[in-house]
$ cat input.pdb   # PDB, C-alpha atoms and all ligand atoms
ATOM      1  CA  MET R1108      -4.817   8.188   1.634  1.00  0.00           C
ATOM      2  CA  LYS R1109      -3.174   4.781   1.432  1.00  0.00           C
ATOM      3  CA  ILE R1110      -3.283   2.625   4.562  1.00  0.00           C
ATOM      4  CA  VAL R1111      -1.767  -0.803   5.238  1.00  0.00           C
ATOM      5  CA  LEU R1112      -3.283  -3.198   7.791  1.00  0.00           C
ATOM      6  CA  ILE R1113      -0.890  -5.942   8.872  1.00  0.00           C
ATOM      7  CA  GLY R1114      -1.498  -8.736  11.348  1.00  0.00           C
ATOM      8  CA  PRO R1115      -1.453 -12.499  11.741  1.00  0.00           C
ATOM      9  CA  PRO R1116      -4.182 -14.594  10.147  1.00  0.00           C
ATOM     10  CA  GLY R1117      -7.274 -14.232  12.331  1.00  0.00           C
ATOM     11  CA  SER R1118      -6.273 -10.873  13.819  1.00  0.00           C
ATOM     12  CA  GLY R1119      -9.398  -9.244  12.374  1.00  0.00           C
ATOM     13  CA  LYS R1120      -7.657  -7.387   9.529  1.00  0.00           C
ATOM     14  CA  GLY R1121     -10.584  -7.989   7.193  1.00  0.00           C
ATOM     15  CA  THR R1122     -13.167  -6.806   9.730  1.00  0.00           C
ATOM     16  CA  GLN R1123     -11.159  -3.693  10.577  1.00  0.00           C
ATOM     17  CA  ALA R1124     -10.524  -2.929   6.901  1.00  0.00           C
ATOM     18  CA  GLU R1125     -14.289  -3.068   6.287  1.00  0.00           C
ATOM     19  CA  LEU R1126     -14.944  -0.730   9.232  1.00  0.00           C
ATOM     20  CA  VAL R1127     -12.334   1.755   8.019  1.00  0.00           C
ATOM     21  CA  CYS R1128     -13.725   1.637   4.469  1.00  0.00           C
ATOM     22  CA  ASN R1129     -17.315   2.138   5.661  1.00  0.00           C
ATOM     23  CA  LYS R1130     -16.236   5.164   7.629  1.00  0.00           C
ATOM     24  CA  THR R1131     -13.968   6.738   5.020  1.00  0.00           C
ATOM     25  CA  GLY R1132     -15.281   5.498   1.660  1.00  0.00           C
ATOM     26  CA  PHE R1133     -11.849   4.049   0.841  1.00  0.00           C
ATOM     27  CA  LEU R1134     -11.531   0.860  -1.214  1.00  0.00           C
ATOM     28  CA  HIS R1135     -10.774  -2.421   0.520  1.00  0.00           C
ATOM     29  CA  TYR R1136      -7.999  -4.356  -1.204  1.00  0.00           C
ATOM     30  CA  SER R1137      -7.555  -7.836   0.298  1.00  0.00           C
ATOM     31  CA  THR R1138      -5.113 -10.064  -1.549  1.00  0.00           C
ATOM     32  CA  GLY R1139      -6.517 -13.103   0.328  1.00  0.00           C
ATOM     33  CA  ASP R1140     -10.122 -12.361  -0.806  1.00  0.00           C
ATOM     34  CA  HIS R1141      -8.895 -11.664  -4.309  1.00  0.00           C
ATOM     35  CA  PHE R1142      -7.032 -14.988  -4.490  1.00  0.00           C
ATOM     36  CA  ARG R1143      -9.950 -16.960  -3.017  1.00  0.00           C
ATOM     37  CA  ALA R1144     -12.341 -15.467  -5.581  1.00  0.00           C
ATOM     38  CA  HIS R1145     -10.007 -16.528  -8.414  1.00  0.00           C
ATOM     39  CA  ILE R1146      -9.686 -20.044  -6.967  1.00  0.00           C
ATOM     40  CA  ILE R1147     -13.483 -20.422  -6.817  1.00  0.00           C
ATOM     41  CA  GLN R1148     -13.813 -19.125 -10.408  1.00  0.00           C
ATOM     42  CA  LYS R1149     -11.010 -21.495 -11.497  1.00  0.00           C
ATOM     43  CA  SER R1150      -9.471 -18.625 -13.483  1.00  0.00           C
ATOM     44  CA  PRO R1151      -5.906 -18.994 -14.863  1.00  0.00           C
ATOM     45  CA  LEU R1152      -4.626 -17.016 -11.847  1.00  0.00           C
ATOM     46  CA  GLY R1153      -6.746 -19.183  -9.506  1.00  0.00           C
ATOM     47  CA  ILE R1154      -5.279 -22.388 -10.932  1.00  0.00           C
ATOM     48  CA  LYS R1155      -1.743 -20.988 -10.620  1.00  0.00           C
ATOM     49  CA  ILE R1156      -2.068 -20.021  -6.940  1.00  0.00           C
ATOM     50  CA  GLU R1157      -4.461 -22.626  -5.521  1.00  0.00           C
ATOM     51  CA  GLU R1158      -1.780 -24.938  -4.201  1.00  0.00           C
ATOM     52  CA  TYR R1159       0.014 -22.170  -2.289  1.00  0.00           C
ATOM     53  CA  VAL R1160      -3.182 -20.912  -0.660  1.00  0.00           C
ATOM     54  CA  THR R1161      -4.491 -24.362   0.304  1.00  0.00           C
ATOM     55  CA  LYS R1162      -1.161 -25.286   1.857  1.00  0.00           C
ATOM     56  CA  GLY R1163      -0.901 -21.992   3.756  1.00  0.00           C
ATOM     57  CA  LEU R1164       2.190 -20.909   1.802  1.00  0.00           C
ATOM     58  CA  LEU R1165       2.782 -17.416   0.471  1.00  0.00           C
ATOM     59  CA  VAL R1166       1.940 -16.807  -3.167  1.00  0.00           C
ATOM     60  CA  PRO R1167       5.171 -15.745  -4.978  1.00  0.00           C
ATOM     61  CA  ASP R1168       5.910 -12.017  -4.723  1.00  0.00           C
ATOM     62  CA  GLU R1169       5.933 -11.423  -8.483  1.00  0.00           C
ATOM     63  CA  ILE R1170       2.354 -12.732  -8.831  1.00  0.00           C
ATOM     64  CA  VAL R1171       1.128 -10.693  -5.837  1.00  0.00           C
ATOM     65  CA  LEU R1172       2.772  -7.526  -7.176  1.00  0.00           C
ATOM     66  CA  GLU R1173       1.417  -8.027 -10.691  1.00  0.00           C
ATOM     67  CA  VAL R1174      -2.138  -8.379  -9.367  1.00  0.00           C
ATOM     68  CA  THR R1175      -1.662  -5.338  -7.115  1.00  0.00           C
ATOM     69  CA  ASP R1176      -0.267  -3.184  -9.909  1.00  0.00           C
ATOM     70  CA  GLU R1177      -3.351  -4.020 -11.954  1.00  0.00           C
ATOM     71  CA  PHE R1178      -5.638  -3.034  -9.064  1.00  0.00           C
ATOM     72  CA  ILE R1179      -3.840   0.253  -8.395  1.00  0.00           C
ATOM     73  CA  LYS R1180      -3.797   1.142 -12.086  1.00  0.00           C
ATOM     74  CA  GLU R1181      -7.598   0.890 -12.102  1.00  0.00           C
ATOM     75  CA  ASN R1182      -8.103   2.768  -8.819  1.00  0.00           C
ATOM     76  CA  ASN R1183      -5.189   5.143  -8.602  1.00  0.00           C
ATOM     77  CA  ASN R1184      -7.145   8.226  -7.569  1.00  0.00           C
ATOM     78  CA  LYS R1185      -8.920   6.555  -4.631  1.00  0.00           C
ATOM     79  CA  GLY R1186      -8.144   5.998  -0.962  1.00  0.00           C
ATOM     80  CA  ILE R1187      -7.153   2.348  -0.424  1.00  0.00           C
ATOM     81  CA  VAL R1188      -6.886   0.090   2.622  1.00  0.00           C
ATOM     82  CA  PHE R1189      -4.444  -2.742   1.923  1.00  0.00           C
ATOM     83  CA  ASP R1190      -5.400  -5.838   3.924  1.00  0.00           C
ATOM     84  CA  GLY R1191      -2.997  -8.784   4.188  1.00  0.00           C
ATOM     85  CA  PHE R1192      -0.555  -7.086   1.859  1.00  0.00           C
ATOM     86  CA  PRO R1193       2.387  -6.464   1.852  1.00  0.00           C
ATOM     87  CA  ARG R1194       3.533  -9.610   3.618  1.00  0.00           C
ATOM     88  CA  THR R1195       7.217  -9.635   2.591  1.00  0.00           C
ATOM     89  CA  LEU R1196       9.921  -6.989   2.264  1.00  0.00           C
ATOM     90  CA  THR R1197       9.917  -7.424  -1.527  1.00  0.00           C
ATOM     91  CA  GLN R1198       6.162  -6.734  -1.574  1.00  0.00           C
ATOM     92  CA  ALA R1199       6.553  -3.642   0.651  1.00  0.00           C
ATOM     93  CA  GLU R1200       9.273  -2.235  -1.610  1.00  0.00           C
ATOM     94  CA  GLY R1201       7.272  -3.225  -4.691  1.00  0.00           C
ATOM     95  CA  LEU R1202       4.178  -1.448  -3.370  1.00  0.00           C
ATOM     96  CA  ASP R1203       6.153   1.764  -2.818  1.00  0.00           C
ATOM     97  CA  ASN R1204       7.488   1.532  -6.382  1.00  0.00           C
ATOM     98  CA  ILE R1205       4.010   0.994  -7.827  1.00  0.00           C
ATOM     99  CA  LEU R1206       2.557   3.929  -5.868  1.00  0.00           C
ATOM    100  CA  ARG R1207       5.474   6.168  -6.814  1.00  0.00           C
ATOM    101  CA  ASN R1208       5.263   5.280 -10.509  1.00  0.00           C
ATOM    102  CA  ARG R1209       1.502   5.288 -10.866  1.00  0.00           C
ATOM    103  CA  MET R1210       0.585   8.306  -8.724  1.00  0.00           C
ATOM    104  CA  ASN R1211       3.659   9.830  -7.147  1.00  0.00           C
ATOM    105  CA  GLN R1212       2.445   8.823  -3.672  1.00  0.00           C
ATOM    106  CA  LEU R1213       3.576   6.665  -0.773  1.00  0.00           C
ATOM    107  CA  ILE R1214       1.861   4.797   2.057  1.00  0.00           C
ATOM    108  CA  ASP R1215       0.522   7.172   4.735  1.00  0.00           C
ATOM    109  CA  LEU R1216      -0.045   4.835   7.672  1.00  0.00           C
ATOM    110  CA  VAL R1217       0.731   1.225   8.601  1.00  0.00           C
ATOM    111  CA  VAL R1218      -1.310  -0.384  11.368  1.00  0.00           C
ATOM    112  CA  PHE R1219       0.020  -3.594  12.900  1.00  0.00           C
ATOM    113  CA  ILE R1220      -2.760  -5.576  14.645  1.00  0.00           C
ATOM    114  CA  LYS R1221      -0.803  -7.619  17.164  1.00  0.00           C
ATOM    115  CA  LEU R1222      -2.040 -11.044  18.360  1.00  0.00           C
ATOM    116  CA  SER R1223      -0.355 -14.093  19.968  1.00  0.00           C
ATOM    117  CA  GLN R1224      -0.124 -17.511  18.278  1.00  0.00           C
ATOM    118  CA  GLU R1225      -2.384 -19.039  20.966  1.00  0.00           C
ATOM    119  CA  GLU R1226      -5.125 -16.528  20.276  1.00  0.00           C
ATOM    120  CA  VAL R1227      -4.724 -16.995  16.516  1.00  0.00           C
ATOM    121  CA  ILE R1228      -5.251 -20.771  16.758  1.00  0.00           C
ATOM    122  CA  LYS R1229      -8.265 -20.326  19.033  1.00  0.00           C
ATOM    123  CA  ARG R1230      -9.895 -17.822  16.699  1.00  0.00           C
ATOM    124  CA  LEU R1231      -9.183 -19.446  13.352  1.00  0.00           C
ATOM    125  CA  SER R1232     -10.348 -22.926  14.290  1.00  0.00           C
ATOM    126  CA  ALA R1233     -13.727 -21.375  15.176  1.00  0.00           C
ATOM    127  CA  ARG R1234     -14.019 -19.248  12.011  1.00  0.00           C
ATOM    128  CA  ARG R1235     -16.762 -20.076   9.486  1.00  0.00           C
ATOM    129  CA  VAL R1236     -17.523 -18.281   6.227  1.00  0.00           C
ATOM    130  CA  CYS R1237     -20.775 -18.079   4.244  1.00  0.00           C
ATOM    131  CA  ALA R1238     -20.282 -19.820   0.890  1.00  0.00           C
ATOM    132  CA  ASN R1239     -22.830 -17.474  -0.652  1.00  0.00           C
ATOM    133  CA  CYS R1240     -22.204 -13.916   0.602  1.00  0.00           C
ATOM    134  CA  GLY R1241     -18.808 -14.215   2.356  1.00  0.00           C
ATOM    135  CA  THR R1242     -20.011 -13.094   5.822  1.00  0.00           C
ATOM    136  CA  ILE R1243     -17.559 -14.227   8.477  1.00  0.00           C
ATOM    137  CA  TYR R1244     -18.701 -15.884  11.735  1.00  0.00           C
ATOM    138  CA  ASN R1245     -16.891 -17.173  14.793  1.00  0.00           C
ATOM    139  CA  LEU R1246     -18.476 -20.138  16.566  1.00  0.00           C
ATOM    140  CA  ILE R1247     -17.341 -18.727  19.941  1.00  0.00           C
ATOM    141  CA  SER R1248     -17.528 -14.937  19.719  1.00  0.00           C
ATOM    142  CA  HIS R1249     -19.975 -14.371  16.851  1.00  0.00           C
ATOM    143  CA  PRO R1250     -21.991 -17.555  16.162  1.00  0.00           C
ATOM    144  CA  PRO R1251     -24.767 -17.714  13.550  1.00  0.00           C
ATOM    145  CA  LYS R1252     -28.351 -17.870  14.856  1.00  0.00           C
ATOM    146  CA  PHE R1253     -28.875 -21.286  13.235  1.00  0.00           C
ATOM    147  CA  ASN R1254     -26.179 -23.920  13.132  1.00  0.00           C
ATOM    148  CA  GLY R1255     -24.326 -23.956   9.774  1.00  0.00           C
ATOM    149  CA  LYS R1256     -26.520 -21.250   8.167  1.00  0.00           C
ATOM    150  CA  CYS R1257     -25.793 -17.605   7.366  1.00  0.00           C
ATOM    151  CA  ASP R1258     -27.964 -15.052   9.234  1.00  0.00           C
ATOM    152  CA  ASN R1259     -28.052 -12.759   6.187  1.00  0.00           C
ATOM    153  CA  CYS R1260     -28.794 -15.088   3.286  1.00  0.00           C
ATOM    154  CA  GLU R1261     -29.172 -18.605   4.769  1.00  0.00           C
ATOM    155  CA  GLY R1262     -26.128 -19.658   2.719  1.00  0.00           C
ATOM    156  CA  ARG R1263     -24.117 -22.668   3.863  1.00  0.00           C
ATOM    157  CA  LEU R1264     -21.294 -21.916   6.333  1.00  0.00           C
ATOM    158  CA  TYR R1265     -17.981 -23.625   5.664  1.00  0.00           C
ATOM    159  CA  GLN R1266     -14.531 -23.806   7.200  1.00  0.00           C
ATOM    160  CA  ARG R1267     -11.764 -22.455   4.977  1.00  0.00           C
ATOM    161  CA  ASN R1268      -9.340 -25.229   3.986  1.00  0.00           C
ATOM    162  CA  ASP R1269      -6.486 -23.199   5.380  1.00  0.00           C
ATOM    163  CA  ASP R1270      -8.274 -22.785   8.745  1.00  0.00           C
ATOM    164  CA  LYS R1271      -7.626 -26.429   9.680  1.00  0.00           C
ATOM    165  CA  PRO R1272      -5.330 -26.652  12.781  1.00  0.00           C
ATOM    166  CA  GLU R1273      -2.183 -28.006  11.070  1.00  0.00           C
ATOM    167  CA  THR R1274      -2.378 -25.327   8.371  1.00  0.00           C
ATOM    168  CA  ILE R1275      -3.040 -22.572  10.919  1.00  0.00           C
ATOM    169  CA  ILE R1276       0.249 -23.270  12.709  1.00  0.00           C
ATOM    170  CA  LYS R1277       2.086 -23.320   9.383  1.00  0.00           C
ATOM    171  CA  ARG R1278       0.487 -20.018   8.329  1.00  0.00           C
ATOM    172  CA  PHE R1279       1.469 -18.398  11.617  1.00  0.00           C
ATOM    173  CA  ARG R1280       5.122 -19.477  11.173  1.00  0.00           C
ATOM    174  CA  VAL R1281       5.166 -18.259   7.564  1.00  0.00           C
ATOM    175  CA  TYR R1282       3.630 -14.980   8.686  1.00  0.00           C
ATOM    176  CA  GLU R1283       6.162 -14.454  11.513  1.00  0.00           C
ATOM    177  CA  GLN R1284       9.207 -15.190   9.385  1.00  0.00           C
ATOM    178  CA  SER R1285       8.280 -12.968   6.490  1.00  0.00           C
ATOM    179  CA  LEU R1286       6.766 -10.136   8.481  1.00  0.00           C
ATOM    180  CA  GLU R1287       9.627  -8.942  10.698  1.00  0.00           C
ATOM    181  CA  PRO R1288      11.507  -7.275   7.790  1.00  0.00           C
ATOM    182  CA  VAL R1289       8.246  -5.609   6.694  1.00  0.00           C
ATOM    183  CA  LEU R1290       7.666  -4.187  10.182  1.00  0.00           C
ATOM    184  CA  ASP R1291      11.267  -2.981  10.244  1.00  0.00           C
ATOM    185  CA  TYR R1292      10.891  -1.331   6.837  1.00  0.00           C
ATOM    186  CA  TYR R1293       7.884   0.707   7.982  1.00  0.00           C
ATOM    187  CA  ARG R1294       9.334   1.353  11.454  1.00  0.00           C
ATOM    188  CA  LYS R1295      12.346   3.018   9.816  1.00  0.00           C
ATOM    189  CA  GLN R1296       9.978   5.194   7.783  1.00  0.00           C
ATOM    190  CA  GLN R1297       8.173   6.077  11.048  1.00  0.00           C
ATOM    191  CA  LYS R1298       4.861   4.899   9.633  1.00  0.00           C
ATOM    192  CA  LEU R1299       4.289   1.884  11.882  1.00  0.00           C
ATOM    193  CA  GLN R1300       1.631   1.985  14.612  1.00  0.00           C
ATOM    194  CA  VAL R1301       0.718  -1.005  16.786  1.00  0.00           C
ATOM    195  CA  VAL R1302      -2.773  -1.816  18.101  1.00  0.00           C
ATOM    196  CA  ASN R1303      -3.852  -4.585  20.464  1.00  0.00           C
ATOM    197  CA  GLY R1304      -5.717  -7.192  18.382  1.00  0.00           C
ATOM    198  CA  ALA R1305      -6.826  -9.191  21.434  1.00  0.00           C
ATOM    199  CA  LEU R1306      -9.496  -6.596  22.251  1.00  0.00           C
ATOM    200  CA  ALA R1307     -13.081  -6.710  20.972  1.00  0.00           C
ATOM    201  CA  PRO R1308     -13.491  -5.520  17.336  1.00  0.00           C
ATOM    202  CA  ASP R1309     -15.102  -2.190  18.323  1.00  0.00           C
ATOM    203  CA  LYS R1310     -12.236  -1.463  20.723  1.00  0.00           C
ATOM    204  CA  VAL R1311      -9.643  -2.263  18.055  1.00  0.00           C
ATOM    205  CA  PHE R1312     -11.489   0.046  15.686  1.00  0.00           C
ATOM    206  CA  GLU R1313     -11.443   2.832  18.303  1.00  0.00           C
ATOM    207  CA  GLN R1314      -7.652   2.581  18.348  1.00  0.00           C
ATOM    208  CA  ILE R1315      -7.449   2.673  14.550  1.00  0.00           C
ATOM    209  CA  LYS R1316      -9.821   5.657  14.327  1.00  0.00           C
ATOM    210  CA  GLY R1317      -7.540   7.502  16.738  1.00  0.00           C
ATOM    211  CA  LEU R1318      -4.593   6.842  14.413  1.00  0.00           C
ATOM    212  CA  LEU R1319      -6.521   7.961  11.331  1.00  0.00           C
ATOM    213  CA  SER R1320      -7.417  11.274  12.862  1.00  0.00           C
ATOM    214  CA  GLY R1321      -4.060  11.732  14.586  1.00  0.00           C
TER     215      GLY R1321
HETATM  216  P1  LIG R1401      -5.480 -14.215   4.090  1.00  0.00           P
HETATM  217  O1  LIG R1401      -6.937 -14.268   3.775  1.00  0.00           O
HETATM  218  O2  LIG R1401      -4.939 -12.813   4.093  1.00  0.00           O
HETATM  219  O3  LIG R1401      -5.129 -14.975   5.345  1.00  0.00           O
HETATM  220  O4  LIG R1401      -4.721 -14.968   2.882  1.00  0.00           O
HETATM  221  C1  LIG R1401      -4.989 -16.331   2.571  1.00  0.00           C
HETATM  222  C2  LIG R1401      -3.841 -16.927   1.769  1.00  0.00           C
HETATM  223  O5  LIG R1401      -3.692 -16.197   0.529  1.00  0.00           O
HETATM  224  C3  LIG R1401      -2.478 -16.841   2.429  1.00  0.00           C
HETATM  225  O6  LIG R1401      -2.262 -17.925   3.338  1.00  0.00           O
HETATM  226  C4  LIG R1401      -1.552 -16.908   1.205  1.00  0.00           C
HETATM  227  O7  LIG R1401      -1.501 -18.222   0.694  1.00  0.00           O
HETATM  228  C5  LIG R1401      -2.307 -16.060   0.184  1.00  0.00           C
HETATM  229  N1  LIG R1401      -1.952 -14.628   0.297  1.00  0.00           N
HETATM  230  C6  LIG R1401      -2.791 -13.592   0.642  1.00  0.00           C
HETATM  231  N2  LIG R1401      -2.152 -12.415   0.618  1.00  0.00           N
HETATM  232  C7  LIG R1401      -0.867 -12.692   0.263  1.00  0.00           C
HETATM  233  C8  LIG R1401       0.297 -11.897   0.080  1.00  0.00           C
HETATM  234  N3  LIG R1401       0.285 -10.568   0.273  1.00  0.00           N
HETATM  235  N4  LIG R1401       1.436 -12.522  -0.289  1.00  0.00           N
HETATM  236  C9  LIG R1401       1.471 -13.856  -0.502  1.00  0.00           C
HETATM  237  N5  LIG R1401       0.425 -14.675  -0.329  1.00  0.00           N
HETATM  238  C10 LIG R1401      -0.745 -14.106   0.040  1.00  0.00           C
END
$ encode --input "input.pdb" --output "structure tokens"
Amino acid sequence: MKIVLIGPPGSGKGTQAELVCNKTGFLHYSTGDHFRAHIIQKSPLGIKIEEYVTKGLLVPDEIVLEVTDEFIKENNNKGIVFDGFPRTLTQAEGLDNILRNRMNQLIDLVVFIKLSQEEVIKRLSARRVCANCGTIYNLISHPPKFNGKCDNCEGRLYQRNDDKPETIIKRFRVYEQSLEPVLDYYRKQQKLQVVNGALAPDKVFEQIKGLLSG
């Protein structure tokens, strides 16, 4: 099965993708995580994309599709949850082409986790990430036990550069503009399902589980 999770930054896509993967054994493919890892490693790809990511701009479609093709080539016989991808119509069409060429398959289900701009700003400004193991906290809804320290590994918690307020608003605008054609594309294929991202994570997951079994 191939599933796409779409939603604004901070809608809990990553958390929900993890929950789905734990339940199903599918692979979690997050373009955002992938890009951040390359930036930290200062790899050639990381150097090429760092400026886009730090400024909250979309990485060019051809780079995103090249990286995705590579990933699918290596994992073509597995179930995959795509998280934060596709984000543009070109990426959605490109993903269908890759799946068709590599494995004669298409996307099975697209879940849109809907959340307002107000809620996005509130959530993202409170998000902190462990520099060591990547665990995500929220200072309001899921704070660490000790200030600035990860509960799992005592790693240092940091705020993503692109989670600063001015970048959050920019990311939301970028997301809105590029996403409408993607939603339309999947709506026409009758694959699009909408869930309410303002609910607690377990409630959002309940909705997604219903769609997976439906
Ligand atoms: P995310 O963790 O999904 O919010 O992604 C963080 C940043 O990575 C985004 O603001 C973009 O700069 C870049 N990025 C992640 N996924 C994509 C994508 N599918 N297309 C273009 N840029 C992306």
$ axis_aligned_box --input "input.pdb" --around "ligand LIG 1401 (chain R)" --padding-each-side "3 Å" --output "JSON"
{"center_x": -2.7, "center_y": -14.4, "center_z": 2.4, "size_x": 14.4, "size_y": 13.7, "size_z": 11.8}
$ atom_distance --input "input.pdb" --atom1 "CA of Leu1246 (chain R)" --atom2 "atom C1 of ligand LIG 1401 (chain R)"
19.8 Å
$ residues_near_point --input "input.pdb" --point "(-26.8, -15.2, 1.3)" --cutoff "9 Å" --atoms "only C-alpha atoms" --output "PDB file with C-alpha atoms, in the coordinates of the input"
ATOM      1  CA  CYS R1237     -20.775 -18.079   4.244  1.00  0.00           C
ATOM      2  CA  ALA R1238     -20.282 -19.820   0.890  1.00  0.00           C
ATOM      3  CA  ASN R1239     -22.830 -17.474  -0.652  1.00  0.00           C
ATOM      4  CA  CYS R1240     -22.204 -13.916   0.602  1.00  0.00           C
ATOM      5  CA  GLY R1241     -18.808 -14.215   2.356  1.00  0.00           C
ATOM      6  CA  THR R1242     -20.011 -13.094   5.822  1.00  0.00           C
ATOM      7  CA  CYS R1257     -25.793 -17.605   7.366  1.00  0.00           C
ATOM      8  CA  ASP R1258     -27.964 -15.052   9.234  1.00  0.00           C
ATOM      9  CA  ASN R1259     -28.052 -12.759   6.187  1.00  0.00           C
ATOM     10  CA  CYS R1260     -28.794 -15.088   3.286  1.00  0.00           C
ATOM     11  CA  GLU R1261     -29.172 -18.605   4.769  1.00  0.00           C
ATOM     12  CA  GLY R1262     -26.128 -19.658   2.719  1.00  0.00           C
ATOM     13  CA  ARG R1263     -24.117 -22.668   3.863  1.00  0.00           C
TER      14      ARG R1263
END
$ resolve_selection --input "input.pdb" --expression "the PyMOL selection byres (((not hetatm)) within 8 of (chain R and resi 1401))" --output "NGL selection string"
:R and (1115-1117 or 1137-1140 or 1142-1143 or 1156 or 1159-1168 or 1171 or 1190-1195 or 1198 or 1269 or 1278)
$ closest_residue --input "input.pdb" --among "R:Phe1189, R:Tyr1282, R:Tyr1292, R:Phe1219" --to "Cys1128 (chain R)" --atoms "all atoms listed in the file"
R:Phe1189
$ closest_residue --input "input.pdb" --among "R:Ile1170, R:Val1188, R:Ile1243, R:Leu1231" --to "Ile1276 (chain R)" --atoms "only C-alpha atoms"
R:Leu1231
$ closest_residue --input "input.pdb" --among "R:His1249, R:Arg1209, R:Arg1234, R:Lys1298" --to "Lys1271 (chain R)" --atoms "only C-alpha atoms"
R:Arg1234
$ resolve_selection --input "input.pdb" --expression "the PyMOL selection byres (((chain R and resi 1315) around 10) and not hetatm)" --output "MDAnalysis selection string"
chainID R and resid 1112 1123:1124 1126:1127 1218:1220 1300:1302 1309:1314 1316:1321
$ closest_residue --input "input.pdb" --among "R:Lys1185, R:Arg1235, R:Lys1295, R:Arg1207" --to "Tyr1136 (chain R)" --atoms "all atoms listed in the file"
R:Lys1185
$ residues_near_point --input "input.pdb" --point "(9.1, -10.6, 4.5)" --cutoff "7 Å" --atoms "all atoms listed in the file" --output "list in words"
Arg1194, Thr1195, Leu1196, Thr1197, Gln1284, Ser1285, Leu1286, Glu1287, Pro1288 and Val1289 of chain R
$ closest_residue --input "input.pdb" --among "R:Glu1225, R:Lys1109, R:Pro1308, R:Gly1255" --to "Leu1202 (chain R)" --atoms "only C-alpha atoms"
R:Lys1109
$ decode --input "input.pdb" --residues "region 1178-1189 of chain R" --atoms "N, CA, C and O atoms" --output "compact mmCIF listing (two decimals), in the first residue's frame"
# COMPACT_ATOMS: atom_id res chain seq x y z
N PHE R 1178 14.71 6.74 -3.36
CA PHE R 1178 14.13 6.04 -2.20
C PHE R 1178 13.21 4.90 -2.66
O PHE R 1178 13.27 3.78 -2.16
N ILE R 1179 12.38 5.19 -3.65
CA ILE R 1179 11.41 4.17 -4.11
C ILE R 1179 12.13 3.02 -4.81
O ILE R 1179 11.76 1.86 -4.65
N LYS R 1180 13.18 3.36 -5.53
CA LYS R 1180 13.96 2.32 -6.22
C LYS R 1180 14.48 1.30 -5.19
O LYS R 1180 14.46 0.10 -5.42
N GLU R 1181 14.92 1.83 -4.03
CA GLU R 1181 15.48 0.94 -3.01
C GLU R 1181 14.42 0.20 -2.20
O GLU R 1181 14.72 -0.78 -1.52
N ASN R 1182 13.19 0.68 -2.23
CA ASN R 1182 12.15 0.11 -1.35
C ASN R 1182 10.87 -0.20 -2.11
O ASN R 1182 9.78 -0.07 -1.57
N ASN R 1183 11.01 -0.61 -3.36
CA ASN R 1183 9.81 -0.64 -4.20
C ASN R 1183 8.81 -1.74 -3.85
O ASN R 1183 7.67 -1.69 -4.28
N ASN R 1184 9.23 -2.72 -3.06
CA ASN R 1184 8.26 -3.79 -2.75
C ASN R 1184 7.62 -3.59 -1.38
O ASN R 1184 6.97 -4.49 -0.86
N LYS R 1185 7.82 -2.40 -0.76
CA LYS R 1185 7.31 -2.21 0.60
C LYS R 1185 6.15 -1.22 0.64
O LYS R 1185 6.00 -0.40 -0.27
N GLY R 1186 5.35 -1.32 1.71
CA GLY R 1186 4.33 -0.30 1.94
C GLY R 1186 5.04 0.98 2.36
O GLY R 1186 6.04 0.93 3.06
N ILE R 1187 4.56 2.12 1.89
CA ILE R 1187 5.22 3.40 2.22
C ILE R 1187 4.18 4.44 2.63
O ILE R 1187 3.12 4.56 2.01
N VAL R 1188 4.52 5.19 3.70
CA VAL R 1188 3.71 6.37 4.06
C VAL R 1188 4.53 7.60 3.67
O VAL R 1188 5.62 7.81 4.20
N PHE R 1189 4.03 8.38 2.75
CA PHE R 1189 4.70 9.61 2.32
C PHE R 1189 4.23 10.75 3.21
O PHE R 1189 3.02 11.00 3.31
